[in-house]
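I have placed the structure first, in the form of structure tokens, so that the comments after it can refer back to it.
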Amino acid sequence: MHVFLQSRLVHADQARVSAFDHGFLYGDGIYETVRVYAETPFEWPAHDHRLRQSARHLSLACPWSSRYLLTAIERLLRADGRSEATVRLSVTRGPGPLGLDPALCRPSTLVIQSHPDRSLEALREKGVSMAIAECVRHPSPGSLDCRIKSTNSLSFVLAKMEARRRGVFETVLLNEAGRLTEGASSNLFFIRARTLHTPDVSCGLLPGITRRLVLGLAAAAGLRTLEGAYRPQDLLSADEIFLTNTTFEVLPVTELAWPGPRTGRRRRAVGRGRPGPYTQTLQALYRRRVLRRLARAGV
Ligand SMILES: Cc1ncc(COP(=O)(O)O)c(C=O)c1O
């Protein structure tokens with residue numbers, strides 16, 4: 001297995017980053033996760049754009065061109081013989097003296113890693129369980145721009161730990177005002193009365209690339225869309241709930257652990273306890289979009 005580090009491919013067990021890298025010391029870094037279908041990174045321009053936008057927000061040097069990064073991804077996948085994979089690109093501040101000040105750090109560190117596609121097909125067909133996390137989503141929109149896809153993921157790590165503890169697949173974090181934001185690694189949607197609802201970006205969430213794509217597919221599924229500030233209780237009257245991210249695609253939620261961690265282990269079925277018809281339609285439309293992109297790329 002290989003890693004693309006800075007400017008070359010190295011064996012994974014020889015991929016070393018400095019102990020003085022501010023990405024390691026202070027979480028001063030950004031990343032992107034990209035899904036590769038048939039050797040082709042899906043939605044690459046959007047990921048490349050978000051990577052640069054995150055870098056700009058942090059005045060973090062990201063001197064690698066889009067073409068350079070694409071070629072690096074291709075080389076990495078070829079070295080490991082992978083055509084279906086998830087690729088993570090991380091850019092950190094690089095090595096520098098101890099202390100927060102990034103001014104003396106250079107150069108930025110680039111790490112590209114891949115792992116084989118972990119098939120989620122069974123979960124997409126059956127659905128997953130979800131709970132509301134106890135921990136609040138950080139950073140909040142008032143403290144740091146939530147559009148930065150930062151390596152600083154502590155509230156999501158806590159939310160993942162809580163998911164494991166409570167025996168659910170994903171937890172959804174609230175903001176300080178008690179409104180729904182997003183999953184530990186996903187965006188949240190629910191459907192009620194032919195309307196597709198999703199928390200508004202102003203609630204404090206990463207505007208996912210899959211989220212945007214799914215909002216764009218809603219009309220073809222016969223759904224209106226509404227972005228708003230929702231309370232956890234709004235999920236109780238939902239006909240359907242699903243999560244999205246680059247690797248989940250459209251992942252149905254069929255069970256809620258409700259209401260909270262301190263009130264026992266009550267579980268409630270979402271709708272009829274199986275993926276609903278609109279969610280299935282959106283799954284099919286998403287797949288069609290992937291296949292169309294591959295056809296356009298000549299795959
Ligand atoms: C916290 C969080 N929200 C949302 C998403 C979904 O983003 P995308 O659809 O761009 O993968 C992710 C992706 O990993 C995430 O980590």
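Residue numbers start at 1 in each chain; chains themselves are named A, B, ... in the order of the structure tokens; ligands are numbered from 1 in the order shown.
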
List every residue of chain A that has an atom at most 8 Å from any atom of ligand 1, giving for each one its closest atom pair and the distance in Å to one decimal, counting only C-alpha atoms and all ligand atoms, sorted by chain and then by ascending residue number, as CSV.
residue,atom,partner,partner_atom_place_in_ligand_line,distance
A:Glu32,CA,ligand 1,14 (O),7.8
A:Thr33,CA,ligand 1,11 (O),6.4
A:Val34,CA,ligand 1,11 (O),7.4
A:His47,CA,ligand 1,10 (O),7.4
A:Lys149,CA,ligand 1,16 (O),7.5
A:Phe156,CA,ligand 1,1 (C),6.7
A:Glu182,CA,ligand 1,3 (N),5.9
A:Gly183,CA,ligand 1,3 (N),6.1
A:Ala184,CA,ligand 1,1 (C),5.1
A:Ser185,CA,ligand 1,16 (O),3.5
A:Ser186,CA,ligand 1,4 (C),3.8
A:Asn187,CA,ligand 1,4 (C),4.6
A:Leu205,CA,ligand 1,3 (N),6.4
A:Leu206,CA,ligand 1,3 (N),4.8
A:Pro207,CA,ligand 1,4 (C),6.4
A:Gly208,CA,ligand 1,7 (O),3.4
A:Ile209,CA,ligand 1,10 (O),3.8
A:Thr210,CA,ligand 1,9 (O),3.7
A:Arg211,CA,ligand 1,9 (O),5.5
A:Arg212,CA,ligand 1,9 (O),7.8
A:Thr244,CA,ligand 1,9 (O),5.9
A:Asn245,CA,ligand 1,9 (O),3.5
A:Thr246,CA,ligand 1,11 (O),3.7
A:Thr247,CA,ligand 1,11 (O),6.8
A:Glu249,CA,ligand 1,9 (O),7.7

Polymer residues at most 6 Å from region 226-229 of chain A, only C-alpha atoms, same-chain spacing of 3 or more positions, as a tab-separated table (two decimals) with N, CA and C atoms, in the first residue's frame:
chain	number	residue	atom	x	y	z
A	179	ARG	N	-30.60	23.48	17.55
A	179	ARG	CA	-31.09	23.14	16.21
A	179	ARG	C	-30.19	22.07	15.57
A	197	HIS	N	-36.41	18.34	3.43
A	197	HIS	CA	-35.87	19.32	4.37
A	197	HIS	C	-34.42	19.00	4.70
A	198	THR	N	-33.62	20.04	4.86
A	198	THR	CA	-32.26	19.82	5.35
A	198	THR	C	-31.84	21.07	6.15
A	199	PRO	N	-31.07	20.89	7.21
A	199	PRO	CA	-30.65	22.06	7.98
A	199	PRO	C	-29.93	23.09	7.11
A	200	ASP	N	-30.24	24.34	7.36
A	200	ASP	CA	-29.62	25.43	6.61
A	200	ASP	C	-28.16	25.58	7.03

Backbone DSSP call of alpha helix (DSSP H) for region 171-240 of chain A, listed as an MDAnalysis selection string: chainID A and resid 209:217

Give me, as a PDB file with all heavy atoms, in the first residue's frame, all polymer residues having an atom no more than 9 Å from Gln283 (chain A), counting only C-alpha atoms and skipping those fewer than 2 positions away in the same chain.
ATOM      1  N   ARG A 124     -27.250   0.587   2.374  1.00  0.00           N
ATOM      2  CA  ARG A 124     -28.113   1.446   1.537  1.00  0.00           C
ATOM      3  C   ARG A 124     -29.463   0.778   1.296  1.00  0.00           C
ATOM      4  O   ARG A 124     -30.473   1.433   1.132  1.00  0.00           O
ATOM      5  CB  ARG A 124     -27.440   1.758   0.205  1.00  0.00           C
ATOM      6  CG  ARG A 124     -26.360   2.803   0.343  1.00  0.00           C
ATOM      7  CD  ARG A 124     -25.845   3.284  -0.993  1.00  0.00           C
ATOM      8  NE  ARG A 124     -24.483   3.753  -0.816  1.00  0.00           N
ATOM      9  CZ  ARG A 124     -23.399   3.123  -1.224  1.00  0.00           C
ATOM     10  NH1 ARG A 124     -23.488   2.018  -1.922  1.00  0.00           N
ATOM     11  NH2 ARG A 124     -22.202   3.614  -0.973  1.00  0.00           N
ATOM     12  N   GLU A 249     -23.123   8.150  -0.081  1.00  0.00           N
ATOM     13  CA  GLU A 249     -24.080   8.558  -1.125  1.00  0.00           C
ATOM     14  C   GLU A 249     -25.389   8.914  -0.422  1.00  0.00           C
ATOM     15  O   GLU A 249     -25.393   9.825   0.392  1.00  0.00           O
ATOM     16  CB  GLU A 249     -24.259   7.457  -2.181  1.00  0.00           C
ATOM     17  CG  GLU A 249     -22.943   7.089  -2.856  1.00  0.00           C
ATOM     18  CD  GLU A 249     -23.081   5.974  -3.860  1.00  0.00           C
ATOM     19  OE1 GLU A 249     -24.184   5.405  -4.030  1.00  0.00           O
ATOM     20  OE2 GLU A 249     -22.070   5.639  -4.506  1.00  0.00           O
ATOM     21  N   VAL A 250     -26.489   8.190  -0.709  1.00  0.00           N
ATOM     22  CA  VAL A 250     -27.766   8.475  -0.033  1.00  0.00           C
ATOM     23  C   VAL A 250     -28.062   7.268   0.861  1.00  0.00           C
ATOM     24  O   VAL A 250     -28.356   6.185   0.372  1.00  0.00           O
ATOM     25  CB  VAL A 250     -28.898   8.685  -1.068  1.00  0.00           C
ATOM     26  CG1 VAL A 250     -30.239   8.867  -0.365  1.00  0.00           C
ATOM     27  CG2 VAL A 250     -28.580   9.878  -1.967  1.00  0.00           C
ATOM     28  N   LEU A 251     -27.952   7.485   2.169  1.00  0.00           N
ATOM     29  CA  LEU A 251     -28.030   6.365   3.115  1.00  0.00           C
ATOM     30  C   LEU A 251     -29.281   6.507   3.989  1.00  0.00           C
ATOM     31  O   LEU A 251     -29.369   7.420   4.817  1.00  0.00           O
ATOM     32  CB  LEU A 251     -26.759   6.376   3.982  1.00  0.00           C
ATOM     33  CG  LEU A 251     -26.534   5.190   4.896  1.00  0.00           C
ATOM     34  CD1 LEU A 251     -26.428   3.889   4.106  1.00  0.00           C
ATOM     35  CD2 LEU A 251     -25.252   5.402   5.707  1.00  0.00           C
ATOM     36  N   TYR A 278     -39.168   7.869  -1.677  1.00  0.00           N
ATOM     37  CA  TYR A 278     -38.427   9.041  -2.185  1.00  0.00           C
ATOM     38  C   TYR A 278     -36.922   8.830  -2.014  1.00  0.00           C
ATOM     39  O   TYR A 278     -36.126   9.194  -2.880  1.00  0.00           O
ATOM     40  CB  TYR A 278     -38.855  10.305  -1.449  1.00  0.00           C
ATOM     41  CG  TYR A 278     -40.206  10.825  -1.873  1.00  0.00           C
ATOM     42  CD1 TYR A 278     -41.265  10.862  -0.969  1.00  0.00           C
ATOM     43  CD2 TYR A 278     -40.418  11.284  -3.167  1.00  0.00           C
ATOM     44  CE1 TYR A 278     -42.505  11.345  -1.355  1.00  0.00           C
ATOM     45  CE2 TYR A 278     -41.647  11.766  -3.564  1.00  0.00           C
ATOM     46  CZ  TYR A 278     -42.694  11.793  -2.655  1.00  0.00           C
ATOM     47  OH  TYR A 278     -43.915  12.271  -3.047  1.00  0.00           O
ATOM     48  N   THR A 279     -36.548   8.254  -0.884  1.00  0.00           N
ATOM     49  CA  THR A 279     -35.119   7.991  -0.649  1.00  0.00           C
ATOM     50  C   THR A 279     -34.592   7.040  -1.722  1.00  0.00           C
ATOM     51  O   THR A 279     -33.503   7.242  -2.276  1.00  0.00           O
ATOM     52  CB  THR A 279     -34.926   7.382   0.760  1.00  0.00           C
ATOM     53  OG1 THR A 279     -35.522   8.255   1.711  1.00  0.00           O
ATOM     54  CG2 THR A 279     -33.464   7.192   1.087  1.00  0.00           C
ATOM     55  N   GLN A 280     -35.394   6.022  -2.036  1.00  0.00           N
ATOM     56  CA  GLN A 280     -34.950   5.067  -3.061  1.00  0.00           C
ATOM     57  C   GLN A 280     -34.846   5.733  -4.429  1.00  0.00           C
ATOM     58  O   GLN A 280     -33.923   5.466  -5.198  1.00  0.00           O
ATOM     59  CB  GLN A 280     -35.906   3.870  -3.096  1.00  0.00           C
ATOM     60  CG  GLN A 280     -35.723   2.966  -1.884  1.00  0.00           C
ATOM     61  CD  GLN A 280     -36.735   1.844  -1.827  1.00  0.00           C
ATOM     62  OE1 GLN A 280     -37.915   2.050  -2.136  1.00  0.00           O
ATOM     63  NE2 GLN A 280     -36.298   0.675  -1.413  1.00  0.00           N
ATOM     64  N   THR A 281     -35.774   6.628  -4.705  1.00  0.00           N
ATOM     65  CA  THR A 281     -35.708   7.353  -5.984  1.00  0.00           C
ATOM     66  C   THR A 281     -34.446   8.209  -6.031  1.00  0.00           C
ATOM     67  O   THR A 281     -33.730   8.242  -7.045  1.00  0.00           O
ATOM     68  CB  THR A 281     -36.960   8.249  -6.160  1.00  0.00           C
ATOM     69  OG1 THR A 281     -38.105   7.422  -6.077  1.00  0.00           O
ATOM     70  CG2 THR A 281     -36.950   8.987  -7.483  1.00  0.00           C
ATOM     71  N   LEU A 285     -31.408   8.114  -8.684  1.00  0.00           N
ATOM     72  CA  LEU A 285     -31.001   9.298  -9.458  1.00  0.00           C
ATOM     73  C   LEU A 285     -29.523   9.602  -9.232  1.00  0.00           C
ATOM     74  O   LEU A 285     -28.810  10.014 -10.150  1.00  0.00           O
ATOM     75  CB  LEU A 285     -31.856  10.506  -9.056  1.00  0.00           C
ATOM     76  CG  LEU A 285     -33.324  10.469  -9.500  1.00  0.00           C
ATOM     77  CD1 LEU A 285     -34.120  11.592  -8.821  1.00  0.00           C
ATOM     78  CD2 LEU A 285     -33.433  10.595 -11.023  1.00  0.00           C
ATOM     79  N   TYR A 286     -29.078   9.415  -8.001  1.00  0.00           N
ATOM     80  CA  TYR A 286     -27.662   9.664  -7.683  1.00  0.00           C
ATOM     81  C   TYR A 286     -26.771   8.719  -8.485  1.00  0.00           C
ATOM     82  O   TYR A 286     -25.787   9.121  -9.103  1.00  0.00           O
ATOM     83  CB  TYR A 286     -27.431   9.496  -6.178  1.00  0.00           C
ATOM     84  CG  TYR A 286     -26.068   9.929  -5.721  1.00  0.00           C
ATOM     85  CD1 TYR A 286     -25.844  11.245  -5.321  1.00  0.00           C
ATOM     86  CD2 TYR A 286     -24.988   9.042  -5.692  1.00  0.00           C
ATOM     87  CE1 TYR A 286     -24.587  11.666  -4.902  1.00  0.00           C
ATOM     88  CE2 TYR A 286     -23.731   9.450  -5.281  1.00  0.00           C
ATOM     89  CZ  TYR A 286     -23.544  10.749  -4.884  1.00  0.00           C
ATOM     90  OH  TYR A 286     -22.291  11.161  -4.483  1.00  0.00           O
ATOM     91  N   ARG A 287     -27.150   7.437  -8.486  1.00  0.00           N
ATOM     92  CA  ARG A 287     -26.393   6.431  -9.245  1.00  0.00           C
ATOM     93  C   ARG A 287     -26.349   6.772 -10.733  1.00  0.00           C
ATOM     94  O   ARG A 287     -25.330   6.638 -11.401  1.00  0.00           O
ATOM     95  CB  ARG A 287     -27.044   5.051  -9.067  1.00  0.00           C
ATOM     96  CG  ARG A 287     -26.563   4.325  -7.856  1.00  0.00           C
ATOM     97  CD  ARG A 287     -25.238   3.705  -8.150  1.00  0.00           C
ATOM     98  NE  ARG A 287     -24.371   3.825  -6.977  1.00  0.00           N
ATOM     99  CZ  ARG A 287     -23.204   3.231  -6.864  1.00  0.00           C
ATOM    100  NH1 ARG A 287     -22.748   2.488  -7.851  1.00  0.00           N
ATOM    101  NH2 ARG A 287     -22.467   3.390  -5.810  1.00  0.00           N
ATOM    102  N   ARG A 288     -27.508   7.227 -11.217  1.00  0.00           N
ATOM    103  CA  ARG A 288     -27.562   7.584 -12.633  1.00  0.00           C
ATOM    104  C   ARG A 288     -26.592   8.745 -12.916  1.00  0.00           C
ATOM    105  O   ARG A 288     -25.927   8.791 -13.938  1.00  0.00           O
ATOM    106  CB  ARG A 288     -29.004   7.971 -13.012  1.00  0.00           C
ATOM    107  CG  ARG A 288     -29.276   7.759 -14.480  1.00  0.00           C
ATOM    108  CD  ARG A 288     -30.689   8.095 -14.863  1.00  0.00           C
ATOM    109  NE  ARG A 288     -31.686   7.328 -14.118  1.00  0.00           N
ATOM    110  CZ  ARG A 288     -32.972   7.677 -14.037  1.00  0.00           C
ATOM    111  NH1 ARG A 288     -33.409   8.753 -14.635  1.00  0.00           N
ATOM    112  NH2 ARG A 288     -33.827   6.932 -13.366  1.00  0.00           N
TER     113      ARG A 288
END

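When only C-alpha atoms are used to compute distances to Ala177 (chain A), the closest of the residues A:Cys203, A:Leu154, A:Leu69, A:Cys62 turns out to be A:Cys203.
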
Nearest to Ser59 (chain A), restricted to only C-alpha atoms and choosing among A:His115, A:Arg192, A:Thr92, A:Leu25, comes out as A:Thr92

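Between CA of Met130 (chain A) and CA of Pro41 (chain A) the interatomic distance comes to 28.8 Å.
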
Can you measure CA of Ala15 (chain A) to CA of Asn152 (chain A) for me? One decimal in Å is fine. 21.0 Å

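The residue that comes closest to Asp13 (chain A), out of A:Ser65, A:Met1, A:Arg52, A:Asn175 and on the basis of only C-alpha atoms, is A:Met1.
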
Excluding same-chain residues fewer than 5 positions from Asp239 (chain A), what lies within 8 Å of it counting only C-alpha atoms, as an NGL selection string? :A and (190-193 or 270-271 or 276)

Write the residues you've just listed into a file as a compact mmCIF listing (two decimals), in the first residue's frame, and include C-alpha atoms for each of them.
# COMPACT_ATOMS: atom_id res chain seq x y z
CA PHE A 190 -35.75 14.38 6.09
CA ILE A 191 -38.89 14.19 4.00
CA ARG A 192 -42.34 15.25 5.09
CA ALA A 193 -45.35 15.94 2.89
CA VAL A 270 -38.74 5.94 10.78
CA GLY A 271 -41.81 5.63 8.54
CA GLY A 276 -38.89 5.01 1.85

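Each of A:Cys146, A:Leu51, A:Ala38, A:Leu120 was checked against Ala85 (chain A) using only C-alpha atoms; the smallest atom-to-atom distance is that of A:Ala38.
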
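Note that the spacing between CA of His138 (chain A) and CA of Gln233 (chain A) amounts to 21.4 Å.
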
Within 12 Å of region 74-78 of chain A, counting only C-alpha atoms, which residues show up once you throw out same-chain ones fewer than 6 positions away? Write them as an MDAnalysis selection string, please. chainID A and resid 1:5 7:12 35:41 67:68 84:89 111:117

Can you list, as a list in words, every protein, DNA or RNA residue that comes within 8 Å of Ser108 (chain A) when you count only C-alpha atoms, leaving out same-chain residues fewer than 4 positions away? Leu60, Ala61, Cys62, Val91, Thr92, Arg93, Gly94 and Pro95 of chain A

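Shortest separation to Ala55 (chain A) among A:Ser153, A:Thr225, A:Ser90, A:Thr171 occurs at residue A:Ser90, atoms counted being only C-alpha atoms.
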
I'd like to know which residues of region 145-179 of chain A are strand (DSSP E) (by DSSP, run on the backbone); could you write them as a PyMOL selection string? chain A and resi 170-174

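Among the candidate residues A:Ile30, A:Leu174, A:Val128, A:Ala218, the one lying nearest to Tyr230 (chain A) is A:Leu174, with distances computed using only C-alpha atoms.
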